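Below is one structure, written out as structure tokens; the observations come after it.
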Amino acid sequence: MDNEDSVIEHKVYARVGLLGNPSDVYYGKTISFSLANFCATVKLRPSEELLIQPHPKHDLVHFHSLHQMVDRLNTEGYYGGVRLLMAISKVFYTYCKDNDINVHDNNFTLSYDTNIPRQTGLSGSSGIVCAALNCLLDFYNVRHLIKVEVRPNLVLAAEKELGIVAGLQDRVAQVYGGLVYMDFSKENMDKLGHGIYVPLDVSLLPPLYLIYAENPSDSGKVHSKVRQRWLDGDEFIVSSMLEVANIAKEGRTALEERDYTKLAALMNRNFDLRRLMFGDEALGALNIQMIEVARKVGAASKFTGSGGAVVAYCPEGTSQVKLLEDECHKAGFVIQPVEHFPSRLNEIDLKTLEMN
């Protein structure tokens with residue numbers, strides 16, 4: 001049963017929230033794209049028993065000393081990817097059972113690898129979950145039975161099992177691949193159970209740059225107070241979040257018209273609104289410094305997610321890019337050109353989209 005021909009392998013790439021985030025969890029609109037610079041890989045092998053295989057680096061349980069263990073926990077945290085693989089396996093099985101989708105009784109071994117930097121707001125956890133879901137869809141031959149639009153919900157449900165606070169945007173970007181415009185209006189969410197997702201041509205994007213810190217602050221703490229204020233009907237938060245959502249709508253038009261001056265202004269405004277809503281303490285000094293480094297040379301910049309990394313655009317071209325690179329190196333930040341990954345929807349997925 002260990003024949004290499006029977007091994008199923010899927011890669012899922014990191015993602016960049018280009019415009020509209022974090023309005024996806026507030027019935028808003030966003031534009032995101034797949035970042036080919038980094039990816040998570042999951043392999044599924046048929047096996048006699050069901051095994052979730054620990055990663056030799058990310059799921060360490062063997063250490064040379066107590067000091068090494070504590071140092072590792074301080075830098076990497078307590079959790080690796082095993083819990084993510086277990087959670088999506090449970091969510092997948094439950095969904096199939098609840099929707100009368102028959103799955104066979106054969107067992108498998110799941111293993112994973114990833115080079116997506118931790119805590120950079122590049123969707124490393126959901127990348128592992130999404131890649132595992134793709135493996136399960138193919139192993140059980142049910143890809144045609146689970147709508148493309150529903151799969152991001154399954155990825156998010158697995159993360160919620162583990163107490164991870166997030167929205168659908170990242171999962172949509174990683175399920176669909178490429179460049180995607182997303183409308184999470186309340187009407188859509190209540191009626192369909194998911195948003196309306198429109199793939200766009202990745203060639204509409206101008207050259208972009210990724211900036212991140214090798215030792216970033218936690219990207220999972222910035223939603224808390226704002227969400228409660230939004231639920232309480234805070235006028236400033238509600239109106240600001242509506243503006244953030246509208247930035248994505250305007251951004252789609254700007255991209256389609258290749259109006260990159262407008263795109264730059266929208267990127268900057270997106271971050272400025274986030275900063276006003278969340279405050280500097282929640283965003284973190286290191287994250288704000290990345291934005292300021294980009295703006296120092298006139299580049300447009302905003303978070304890729306909720307912190308840890310920044311996407312930047314240099315409207316003045318190569319000379320400005322060189323200035324940005326120099327400033328990033330001085331500040332100790334990593335900078336690299338964004339590599340795009342095209343849509344990952346295959347023929348089966350496209351047919352299910354057409355049917356729906």
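In the structure tokens, each chain is lettered A, B, ... as it comes, each chain's residues begin at 1, and ligands are numbered from 1 in order of appearance.
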
Checklist entry - Excluding same-chain residues fewer than 5 positions from Ile247 (chain A), what lies within 8 Å of it counting only C-alpha atoms, as a PyMOL selection string? => result chain A and resi 19-20+266+270

The selected residues should be written to file as a JSON list (two decimals), in the first residue's frame (atoms: all heavy atoms).
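And here's out-v2.json as it stands now:
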[["chain", "number", "residue", "atom", "x", "y", "z"],
["A", 19, "LEU", "N", -6.52, 44.16, -0.58],
["A", 19, "LEU", "CA", -7.42, 45.26, -0.23],
["A", 19, "LEU", "C", -8.64, 44.73, 0.51],
["A", 19, "LEU", "O", -9.09, 43.60, 0.27],
["A", 19, "LEU", "CB", -7.88, 46.01, -1.49],
["A", 19, "LEU", "CG", -6.84, 46.81, -2.27],
["A", 19, "LEU", "CD1", -7.44, 47.30, -3.59],
["A", 19, "LEU", "CD2", -6.30, 47.98, -1.47],
["A", 20, "GLY", "N", -9.17, 45.55, 1.40],
["A", 20, "GLY", "CA", -10.44, 45.22, 2.06],
["A", 20, "GLY", "C", -10.34, 44.51, 3.39],
["A", 20, "GLY", "O", -11.30, 44.51, 4.15],
["A", 266, "LEU", "N", -5.45, 53.53, -2.47],
["A", 266, "LEU", "CA", -6.36, 52.63, -1.75],
["A", 266, "LEU", "C", -5.61, 51.75, -0.76],
["A", 266, "LEU", "O", -6.09, 51.49, 0.35],
["A", 266, "LEU", "CB", -7.13, 51.76, -2.75],
["A", 266, "LEU", "CG", -8.15, 52.49, -3.63],
["A", 266, "LEU", "CD1", -8.67, 51.56, -4.72],
["A", 266, "LEU", "CD2", -9.32, 53.02, -2.78],
["A", 270, "ASN", "N", -6.36, 51.86, 3.18],
["A", 270, "ASN", "CA", -6.75, 50.62, 3.86],
["A", 270, "ASN", "C", -6.00, 50.48, 5.19],
["A", 270, "ASN", "O", -6.58, 50.22, 6.24],
["A", 270, "ASN", "CB", -6.46, 49.42, 2.96],
["A", 270, "ASN", "CG", -7.23, 48.17, 3.33],
["A", 270, "ASN", "OD1", -7.59, 47.38, 2.47],
["A", 270, "ASN", "ND2", -7.52, 47.95, 4.60]]

Next on the checklist: Based on the backbone DSSP call, show me all residues of region 273-328 of chain A assigned strand (DSSP E or B), as a PyMOL selection string.
Outcome noted: chain A and resi 300-303+309-313

Item to check | Interatomic distance (Å, one decimal) between CA of Gly28 (chain A) and CA of Met182 (chain A) | outcome: 8.4 Å

Checklist entry - Distance CA of His55 (chain A)-CA of Ala40 (chain A), one decimal place? => result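 Going from CA of His55 (chain A) over to CA of Ala40 (chain A), I get 12.2 Å.
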
Need the shell around region 204-208 of chain A: protein/DNA/RNA residues with any atom at most 10 Å away, counting only C-alpha atoms. Skip same-chain ones fewer than 2 positions apart. Format as a PDB file with N, CA and C atoms, in the first residue's frame?
ATOM      1  N   PHE A  33      -4.650  37.479  -3.158  1.00  0.00           N
ATOM      2  CA  PHE A  33      -4.021  36.663  -4.200  1.00  0.00           C
ATOM      3  C   PHE A  33      -3.041  35.670  -3.585  1.00  0.00           C
ATOM      4  N   LEU A 179      -5.864  35.456  -8.205  1.00  0.00           N
ATOM      5  CA  LEU A 179      -6.362  36.725  -7.686  1.00  0.00           C
ATOM      6  C   LEU A 179      -7.880  36.625  -7.590  1.00  0.00           C
ATOM      7  N   LEU A 200     -10.084  36.827 -10.721  1.00  0.00           N
ATOM      8  CA  LEU A 200      -9.630  37.882 -11.620  1.00  0.00           C
ATOM      9  C   LEU A 200      -8.302  37.458 -12.254  1.00  0.00           C
ATOM     10  N   ASP A 201      -7.929  38.124 -13.317  1.00  0.00           N
ATOM     11  CA  ASP A 201      -6.683  37.821 -14.020  1.00  0.00           C
ATOM     12  C   ASP A 201      -5.497  38.356 -13.210  1.00  0.00           C
ATOM     13  N   VAL A 202      -4.564  37.483 -12.832  1.00  0.00           N
ATOM     14  CA  VAL A 202      -3.420  37.914 -12.020  1.00  0.00           C
ATOM     15  C   VAL A 202      -2.526  38.910 -12.756  1.00  0.00           C
ATOM     16  N   LEU A 210       7.071  42.050  -0.997  1.00  0.00           N
ATOM     17  CA  LEU A 210       6.725  41.529   0.317  1.00  0.00           C
ATOM     18  C   LEU A 210       7.812  41.926   1.310  1.00  0.00           C
ATOM     19  N   ARG A 252     -11.032  46.779  -7.192  1.00  0.00           N
ATOM     20  CA  ARG A 252     -11.305  45.895  -8.339  1.00  0.00           C
ATOM     21  C   ARG A 252     -11.377  46.723  -9.623  1.00  0.00           C
ATOM     22  N   ALA A 254     -10.037  49.686 -10.102  1.00  0.00           N
ATOM     23  CA  ALA A 254      -8.699  50.222 -10.365  1.00  0.00           C
ATOM     24  C   ALA A 254      -7.815  49.185 -11.048  1.00  0.00           C
ATOM     25  N   LEU A 255      -7.878  47.945 -10.605  1.00  0.00           N
ATOM     26  CA  LEU A 255      -7.085  46.881 -11.225  1.00  0.00           C
ATOM     27  C   LEU A 255      -7.528  46.628 -12.656  1.00  0.00           C
ATOM     28  N   GLU A 256      -8.842  46.534 -12.847  1.00  0.00           N
ATOM     29  CA  GLU A 256      -9.357  46.243 -14.182  1.00  0.00           C
ATOM     30  C   GLU A 256      -9.041  47.367 -15.167  1.00  0.00           C
ATOM     31  N   GLU A 257      -8.928  48.594 -14.653  1.00  0.00           N
ATOM     32  CA  GLU A 257      -8.568  49.729 -15.503  1.00  0.00           C
ATOM     33  C   GLU A 257      -7.065  50.009 -15.479  1.00  0.00           C
ATOM     34  N   ARG A 258      -6.335  49.178 -14.728  1.00  0.00           N
ATOM     35  CA  ARG A 258      -4.882  49.340 -14.562  1.00  0.00           C
ATOM     36  C   ARG A 258      -4.522  50.745 -14.081  1.00  0.00           C
ATOM     37  N   ASP A 259      -5.348  51.252 -13.195  1.00  0.00           N
ATOM     38  CA  ASP A 259      -5.123  52.565 -12.595  1.00  0.00           C
ATOM     39  C   ASP A 259      -4.334  52.358 -11.299  1.00  0.00           C
ATOM     40  N   TYR A 260      -3.022  52.253 -11.431  1.00  0.00           N
ATOM     41  CA  TYR A 260      -2.192  51.887 -10.291  1.00  0.00           C
ATOM     42  C   TYR A 260      -1.938  53.055  -9.338  1.00  0.00           C
ATOM     43  N   LEU A 263      -4.745  52.524  -7.119  1.00  0.00           N
ATOM     44  CA  LEU A 263      -4.463  51.351  -6.296  1.00  0.00           C
ATOM     45  C   LEU A 263      -3.559  51.714  -5.131  1.00  0.00           C
ATOM     46  N   ALA A 300       3.561  52.688  -1.547  1.00  0.00           N
ATOM     47  CA  ALA A 300       2.281  52.369  -0.918  1.00  0.00           C
ATOM     48  C   ALA A 300       2.452  51.077  -0.134  1.00  0.00           C
ATOM     49  N   SER A 301       1.791  50.971   1.026  1.00  0.00           N
ATOM     50  CA  SER A 301       1.990  49.772   1.839  1.00  0.00           C
ATOM     51  C   SER A 301       0.806  49.500   2.741  1.00  0.00           C
ATOM     52  N   VAL A 311       2.681  44.249   2.264  1.00  0.00           N
ATOM     53  CA  VAL A 311       2.782  44.260   0.809  1.00  0.00           C
ATOM     54  C   VAL A 311       2.971  45.709   0.383  1.00  0.00           C
ATOM     55  N   ALA A 312       3.939  45.940  -0.510  1.00  0.00           N
ATOM     56  CA  ALA A 312       4.282  47.304  -0.919  1.00  0.00           C
ATOM     57  C   ALA A 312       4.280  47.421  -2.430  1.00  0.00           C
ATOM     58  N   TYR A 313       3.949  48.626  -2.889  1.00  0.00           N
ATOM     59  CA  TYR A 313       3.954  48.933  -4.321  1.00  0.00           C
ATOM     60  C   TYR A 313       4.741  50.216  -4.537  1.00  0.00           C
ATOM     61  N   CYS A 314       5.670  50.182  -5.488  1.00  0.00           N
ATOM     62  CA  CYS A 314       6.514  51.336  -5.785  1.00  0.00           C
ATOM     63  C   CYS A 314       6.072  51.962  -7.099  1.00  0.00           C
ATOM     64  N   PRO A 315       5.230  52.995  -7.045  1.00  0.00           N
ATOM     65  CA  PRO A 315       4.685  53.580  -8.275  1.00  0.00           C
ATOM     66  C   PRO A 315       5.738  54.221  -9.167  1.00  0.00           C
ATOM     67  N   GLY A 317       8.724  52.963  -9.837  1.00  0.00           N
ATOM     68  CA  GLY A 317       9.530  51.987 -10.552  1.00  0.00           C
ATOM     69  C   GLY A 317      10.823  51.567  -9.869  1.00  0.00           C
ATOM     70  N   VAL A 321      12.234  51.121  -5.963  1.00  0.00           N
ATOM     71  CA  VAL A 321      12.397  49.773  -5.409  1.00  0.00           C
ATOM     72  C   VAL A 321      13.759  49.653  -4.732  1.00  0.00           C
ATOM     73  N   GLN A 336      11.336  40.911  -0.641  1.00  0.00           N
ATOM     74  CA  GLN A 336      11.482  40.132  -1.859  1.00  0.00           C
ATOM     75  C   GLN A 336      10.325  40.413  -2.802  1.00  0.00           C
ATOM     76  N   PRO A 337      10.569  40.298  -4.111  1.00  0.00           N
ATOM     77  CA  PRO A 337       9.487  40.517  -5.077  1.00  0.00           C
ATOM     78  C   PRO A 337       8.376  39.489  -4.880  1.00  0.00           C
ATOM     79  N   VAL A 338       7.159  39.924  -5.023  1.00  0.00           N
ATOM     80  CA  VAL A 338       6.010  39.022  -4.942  1.00  0.00           C
ATOM     81  C   VAL A 338       5.969  38.142  -6.182  1.00  0.00           C
ATOM     82  N   GLU A 339       5.836  36.846  -5.967  1.00  0.00           N
ATOM     83  CA  GLU A 339       5.643  35.898  -7.065  1.00  0.00           C
ATOM     84  C   GLU A 339       4.189  35.445  -7.017  1.00  0.00           C
ATOM     85  N   HIS A 340       3.501  35.574  -8.134  1.00  0.00           N
ATOM     86  CA  HIS A 340       2.084  35.223  -8.184  1.00  0.00           C
ATOM     87  C   HIS A 340       1.901  33.749  -8.538  1.00  0.00           C
TER      88      HIS A 340
END
